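J.: Data file entry01.cif (mmCIF, C-alpha atoms) is appended below.
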data_final
loop_
_atom_site.label_atom_id
_atom_site.label_comp_id
_atom_site.auth_asym_id
_atom_site.auth_seq_id
_atom_site.Cartn_x
_atom_site.Cartn_y
_atom_site.Cartn_z
CA SER A 17 103.18 126.96 211.57
CA ASN A 18 106.55 127.80 210.07
CA ASN A 19 107.89 124.45 211.25
CA THR A 20 105.04 122.60 209.49
CA SER A 21 105.65 124.41 206.18
CA THR A 22 109.37 123.70 206.33
CA SER A 23 108.73 120.03 207.05
CA THR A 24 106.35 119.70 204.13
CA SER A 25 108.82 121.29 201.71
CA ALA A 26 111.56 119.00 202.87
CA SER A 27 109.33 115.95 202.38
CA VAL A 28 108.42 116.95 198.79
CA ALA A 29 112.07 117.57 197.97
CA ALA A 30 112.98 114.13 199.33
CA GLU A 31 110.30 112.45 197.22
CA ASP A 32 111.56 114.24 194.09
CA LYS A 33 115.07 112.96 194.75
CA ILE A 34 113.78 109.39 195.16
CA ASP A 35 111.80 109.61 191.90
CA GLN A 36 114.82 110.99 190.06
CA ALA A 37 117.06 108.24 191.47
CA ALA A 38 114.56 105.61 190.37
CA ALA A 39 114.43 107.13 186.90
CA ASP A 40 118.22 107.12 186.66
CA THR A 41 118.49 103.43 187.58
CA ALA A 42 115.46 102.13 185.57
CA PRO A 43 116.32 100.03 182.47
CA PRO A 44 115.86 101.84 179.11
CA VAL A 45 112.60 101.27 177.28
CA PRO A 46 113.28 99.17 174.13
CA PRO A 47 112.30 100.78 170.81
CA ALA A 48 109.06 99.68 169.22
CA ILE A 49 109.41 96.81 166.73
CA PRO A 50 108.04 97.82 163.33
CA ALA A 51 105.29 95.67 161.84
CA ARG A 52 106.59 93.06 159.39
CA THR A 53 104.97 91.88 156.18
CA PRO A 54 105.63 88.42 154.77
CA ALA A 55 108.46 88.44 152.23
CA LYS A 56 107.52 87.29 148.71
CA ALA A 57 109.66 84.46 147.43
CA PRO A 58 111.91 85.54 144.56
CA LEU A 59 110.78 84.43 141.11
CA ILE A 60 112.87 81.68 139.58
CA THR A 61 113.52 82.68 135.98
CA THR A 62 114.98 80.84 133.03
CA ASN A 63 116.31 82.04 129.70
CA LYS A 64 115.50 78.78 127.93
CA TYR A 65 112.48 79.14 125.67
CA GLN A 66 109.73 76.55 125.63
CA SER A 67 107.04 75.96 123.07
CA PHE A 68 103.61 77.33 123.92
CA PRO A 69 101.26 74.58 125.17
CA THR A 70 99.10 75.04 122.07
CA TYR A 71 98.02 77.50 119.38
CA TYR A 72 95.34 77.68 116.70
CA PHE A 73 95.27 78.93 113.12
CA ASP A 74 92.24 80.59 111.53
CA ALA A 75 92.40 81.18 107.77
CA GLY A 76 89.38 83.50 107.95
CA LYS A 77 86.72 84.01 105.33
CA TYR A 78 87.27 84.17 101.59
CA ASN A 79 89.09 87.34 100.55
CA SER A 80 89.51 88.46 104.16
CA SER A 81 92.41 90.85 104.73
CA THR A 82 94.07 88.85 107.50
CA VAL A 83 94.60 85.38 108.90
CA SER A 84 94.79 84.81 112.66
CA VAL A 85 96.88 82.83 115.13
CA TYR A 86 95.43 82.28 118.63
CA VAL A 87 97.89 81.49 121.44
CA PRO A 88 96.15 80.66 124.76
CA LEU A 89 98.06 81.54 127.95
CA GLU A 90 96.34 81.95 131.30
CA ASN A 91 96.40 85.49 132.77
CA VAL A 92 98.78 86.74 130.10
CA GLY A 93 96.76 89.95 129.98
CA SER A 94 98.10 90.92 133.43
CA HIS A 95 101.70 90.05 132.55
CA ASP A 96 104.36 92.75 132.17
CA LYS A 97 103.80 94.03 128.63
CA SER A 98 107.49 94.83 128.22
CA LYS A 99 108.13 91.09 128.37
CA ILE A 100 105.80 90.26 125.48
CA SER A 101 106.92 90.90 121.91
CA CYS A 102 106.31 89.78 118.35
CA HIS A 103 108.56 90.53 115.38
CA PHE A 104 107.13 90.30 111.88
CA THR A 105 108.91 89.93 108.54
CA SER A 106 107.43 89.32 105.11
CA GLY A 107 107.73 85.57 105.59
CA SER A 108 107.78 85.02 109.35
CA PHE A 109 106.69 85.98 112.84
CA ASP A 110 108.49 85.49 116.15
CA LEU A 111 106.35 85.66 119.32
CA ILE A 112 108.13 85.72 122.71
CA VAL A 113 106.76 85.84 126.26
CA ASN A 114 109.50 86.16 128.89
CA ASP A 115 109.28 85.25 132.59
CA TRP A 116 105.64 84.22 132.71
CA GLU A 117 104.71 82.96 136.19
CA GLU A 118 102.64 79.80 136.13
CA GLY A 119 99.65 79.97 138.48
CA GLY A 120 101.40 81.82 141.30
CA SER A 121 103.91 78.99 141.71
CA GLY A 122 106.89 81.34 141.82
CA LYS A 123 108.44 79.55 138.85
CA CYS A 124 108.73 81.40 135.58
CA LYS A 125 108.74 80.10 132.04
CA SER A 126 109.66 81.83 128.82
CA TYR A 127 107.72 80.85 125.71
CA ARG A 128 108.50 81.31 122.03
CA LEU A 129 106.53 80.66 118.83
CA LEU A 130 108.66 81.12 115.71
CA ASN A 131 107.43 80.42 112.20
CA ASP A 132 109.82 81.38 109.42
CA ASN A 133 108.15 79.34 106.68
CA LEU A 134 104.66 80.81 106.34
CA GLU A 135 102.51 79.47 103.54
CA LYS A 136 102.18 82.97 102.06
CA ASP A 137 104.07 86.22 102.46
CA ILE A 138 102.47 88.78 104.76
CA ASP A 139 102.12 92.56 104.85
CA ILE A 140 103.98 93.60 108.00
CA THR A 141 102.30 97.03 107.99
CA LYS A 142 98.96 95.29 108.50
CA SER A 143 100.18 92.64 110.92
CA LYS A 144 99.87 93.11 114.66
CA MET A 145 99.78 91.47 118.07
CA VAL A 146 96.77 91.86 120.40
CA ILE A 147 97.04 90.81 124.07
CA LYS A 148 93.81 89.48 125.58
CA PRO A 149 93.19 88.47 129.24
CA ASN A 150 93.97 84.79 128.59
CA LYS A 151 95.44 84.64 125.10
CA ILE A 152 97.56 86.41 122.51
CA LEU A 153 96.09 87.08 119.08
CA LEU A 154 98.32 87.54 116.04
CA LYS A 155 96.79 89.17 112.97
CA LEU A 156 98.82 88.49 109.82
CA GLY A 157 98.09 90.88 106.96
CA LYS A 158 97.46 89.17 103.64
CA ILE A 159 98.92 90.37 100.36
CA LYS A 160 96.73 90.95 97.31
CA SER A 161 97.33 88.82 94.25
CA ASP A 162 97.66 90.09 90.68
CA MET A 163 93.92 89.53 90.29
CA GLY A 164 93.19 92.09 93.01
CA SER A 165 91.95 89.64 95.63
CA TYR A 166 93.78 88.59 98.79
CA ASP A 167 95.87 85.42 98.80
CA SER A 168 93.95 82.35 99.93
CA TRP A 169 95.61 80.48 102.79
CA GLN A 170 95.06 76.78 103.40
CA GLN A 171 97.40 76.42 106.38
CA LEU A 172 99.82 78.45 108.46
CA THR A 173 103.05 76.73 107.43
CA ALA A 174 104.13 75.99 103.87
CA LYS A 175 104.40 72.31 102.96
CA LYS A 176 107.90 72.83 101.62
CA ASN A 177 110.74 74.96 102.88
CA LYS A 178 110.38 78.11 100.78
CA LYS A 179 113.98 79.21 101.36
CA SER A 180 115.47 75.97 100.08
CA SER A 181 112.96 75.89 97.21
CA ALA A 182 113.95 79.40 96.15
CA LYS A 183 117.64 78.45 96.27
CA LYS A 184 116.95 75.30 94.28
CA GLU A 185 114.98 77.24 91.66
CA LYS A 186 117.79 79.78 91.34
CA GLU A 187 120.33 77.04 90.78
CA ASN A 188 118.07 75.05 88.44
CA PRO A 189 115.07 76.98 87.05
CA ALA A 190 113.71 73.85 85.35
CA ALA A 191 113.56 72.04 88.68
CA GLY A 192 111.63 74.95 90.16
CA ILE A 193 109.05 74.73 87.38
CA MET A 194 108.79 70.99 87.91
CA ASP A 195 108.11 71.49 91.62
CA MET A 196 105.46 74.08 90.82
CA MET A 197 103.72 71.77 88.34
CA LYS A 198 103.84 68.88 90.78
CA ASP A 199 102.26 71.05 93.49
CA MET A 200 99.56 72.13 91.05
CA TYR A 201 98.92 68.49 90.20
CA ASP A 202 98.82 67.33 93.83
CA GLU A 203 96.50 70.13 94.94
CA GLY A 204 94.40 70.59 91.79
CA ASP A 205 91.01 69.14 90.95
CA ASP A 206 90.45 66.32 88.44
CA ASN A 207 90.37 68.68 85.45
CA MET A 208 93.62 70.34 86.51
CA LYS A 209 95.29 66.97 87.00
CA LYS A 210 94.11 65.78 83.59
CA MET A 211 95.35 68.91 81.85
CA ILE A 212 98.78 68.78 83.51
CA GLY A 213 99.06 65.06 82.90
CA GLU A 214 98.26 65.40 79.19
CA THR A 215 100.73 68.26 78.79
CA MET A 216 103.50 66.32 80.46
CA TYR A 217 102.67 63.18 78.49
CA LYS A 218 102.88 65.08 75.20
CA GLN A 219 106.19 66.62 76.26
CA ARG A 220 107.50 63.19 77.18
CA THR A 221 106.53 61.71 73.80
CA GLY A 222 107.89 64.70 71.87
CA GLN A 223 104.48 65.94 70.68
CA LEU A 224 105.09 69.44 72.05
CA GLY A 225 108.30 70.02 70.10
CA GLY A 226 111.29 71.87 71.41
CA ASP A 227 109.77 75.35 71.50
CA MET A 228 107.83 74.94 74.78
CA GLY A 229 110.75 75.92 76.98
CA MET A 230 110.60 72.58 78.78
CA GLY A 231 113.89 71.14 77.64
CA GLY A 232 116.23 69.77 80.24
CA MET A 233 113.45 68.61 82.54
CA GLY A 234 114.91 65.24 83.16
CA GLY A 235 112.75 64.80 86.23
CA MET A 236 109.59 64.77 84.13
CA ASP A 237 109.93 61.09 83.35
CA ASP A 238 110.11 60.33 87.06
CA MET A 239 107.05 62.43 87.70
CA MET A 240 105.15 60.74 84.90
CA GLY A 241 105.95 57.41 86.47
CA GLY A 242 103.81 58.40 89.45
CA MET A 243 100.80 59.24 87.27
CA GLY A 244 100.02 55.76 86.11
CA GLY A 245 96.46 56.06 87.36
CA MET A 246 95.61 58.54 84.63
CA GLY A 247 95.73 55.96 81.86
CA LEU A 248 98.15 57.96 79.74
#
Write out the structure in this file as structure tokens.
T.:
Amino acid sequence: SNNTSTSTSASVAAEDKIDQAAADTAPPVPPAIPARTPAKAPLITTNKYQSFPTYYFDAGKYNSSTVSVYVPLENVGSHDKSKISCHFTSGSFDLIVNDWEEGGSGKCKSYRLLNDNLEKDIDITKSKMVIKPNKILLKLGKIKSDMGSYDSWQQLTAKKNKKSSAKKEKENPAAGIMDMMKDMYDEGDDNMKKMIGETMYKQRTGQLGGDMGMGGMGGMDDMMGGMGGMGL
């Protein structure tokens, strides 16, 4: 009985040694490979501004407090807001959208809409930018005229460069008045055109005298030459 017990113990001990030897010589288990997610391609950016594909101007209703500029841009509402800005001055606005990705293509574009020759001055305290899901809306605050009503806009951009016109008027006040009268003639109705034409005709022929403050308007003769259709 004692011999059997001793034999069994020896056998177990031998098996333990074999298992330990096998463990010592077995190759190490490689570490688990972490799961990988597809890498997103880096965005290709550019600092060169492009013009927006299109935009629309809305003069609003009569005596409305603002005019509007609509700038469509797909999914701009989900774009990084820190990359969208608009700076307003009394005579301009400057809208910029940086690094806008076009349709998930991985290519970015930067857009800019600058207008520094607005038809009318604006109230910057009442002007603002509103970002919609697929467009940007600019609200330009109108300024009230001396009559108490808001300026009436016909278009977004002035027909003439207001900066150069102001400089020209400063250098030659008479030329500034001539430009103003020509604009009134071009944009006025038939009665306005007739009244301006008669006034200028009388000045040209000396019927107004020298007390009308219109001396030195050498360009009036040239302007009258273009009014032949009035029969004056």
J.: Can you list, as a PDB file with C-alpha atoms, in the coordinates of the input, every protein, DNA or RNA residue that comes within 6 Å of segment 95-103 of chain A when you count only C-alpha atoms, leaving out same-chain residues fewer than 3 positions away?
T.:
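out_4.pdb written:
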ATOM      1  CA  VAL A  92      98.780  86.740 130.100  1.00  0.00           C
ATOM      2  CA  PHE A 109     106.690  85.980 112.840  1.00  0.00           C
ATOM      3  CA  ASP A 110     108.490  85.490 116.150  1.00  0.00           C
ATOM      4  CA  LEU A 111     106.350  85.660 119.320  1.00  0.00           C
ATOM      5  CA  ILE A 112     108.130  85.720 122.710  1.00  0.00           C
ATOM      6  CA  VAL A 113     106.760  85.840 126.260  1.00  0.00           C
ATOM      7  CA  ASN A 114     109.500  86.160 128.890  1.00  0.00           C
TER       8      ASN A 114
END
J.: With distances taken over all atoms listed in the file, which residue among A:Tyr217, A:Tyr166, A:Phe68, A:Tyr201 lies nearest Lys151 of chain A?
T.: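 Closest residue, counting all atoms listed in the file: A:Phe68.
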J.: Go ahead and compute the interatomic distance for atom CA of Lys176 of chain A and atom CA of Leu134 of chain A, in Å to one decimal.
T.: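 Value for the atom CA of Lys176 of chain A-atom CA of Leu134 of chain A distance: 9.8 Å.
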J.: Measuring between all atoms listed in the file, which one of A:Gly122, A:Pro69, A:Gly76, A:Pro149 shows the shortest distance to Asp167 of chain A?
T.: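 Checking each candidate against Asp167 of chain A, we get A:Gly76 as the closest.
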J.: Between A:Ile152, A:Leu130, A:Ile140, A:Ile159, which is the closest to Ser94 of chain A once you count only C-alpha atoms?
T.: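 The answer is A:Ile152, which sits nearest to Ser94 of chain A.
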J.: Exactly which residues make up the result of the PyMOL selection byres ((chain A and resi 175) around 10) on this file, given as a ChimeraX atom specification?
T.: /A:133-135,171-174,176-178,199
J.: Quick one: pull the distance between atom CA of Met211 of chain A and atom CA of Ser165 of chain A, Å, one decimal.
T.: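 Calculated distance between atom CA of Met211 of chain A and atom CA of Ser165 of chain A is 25.1 Å.
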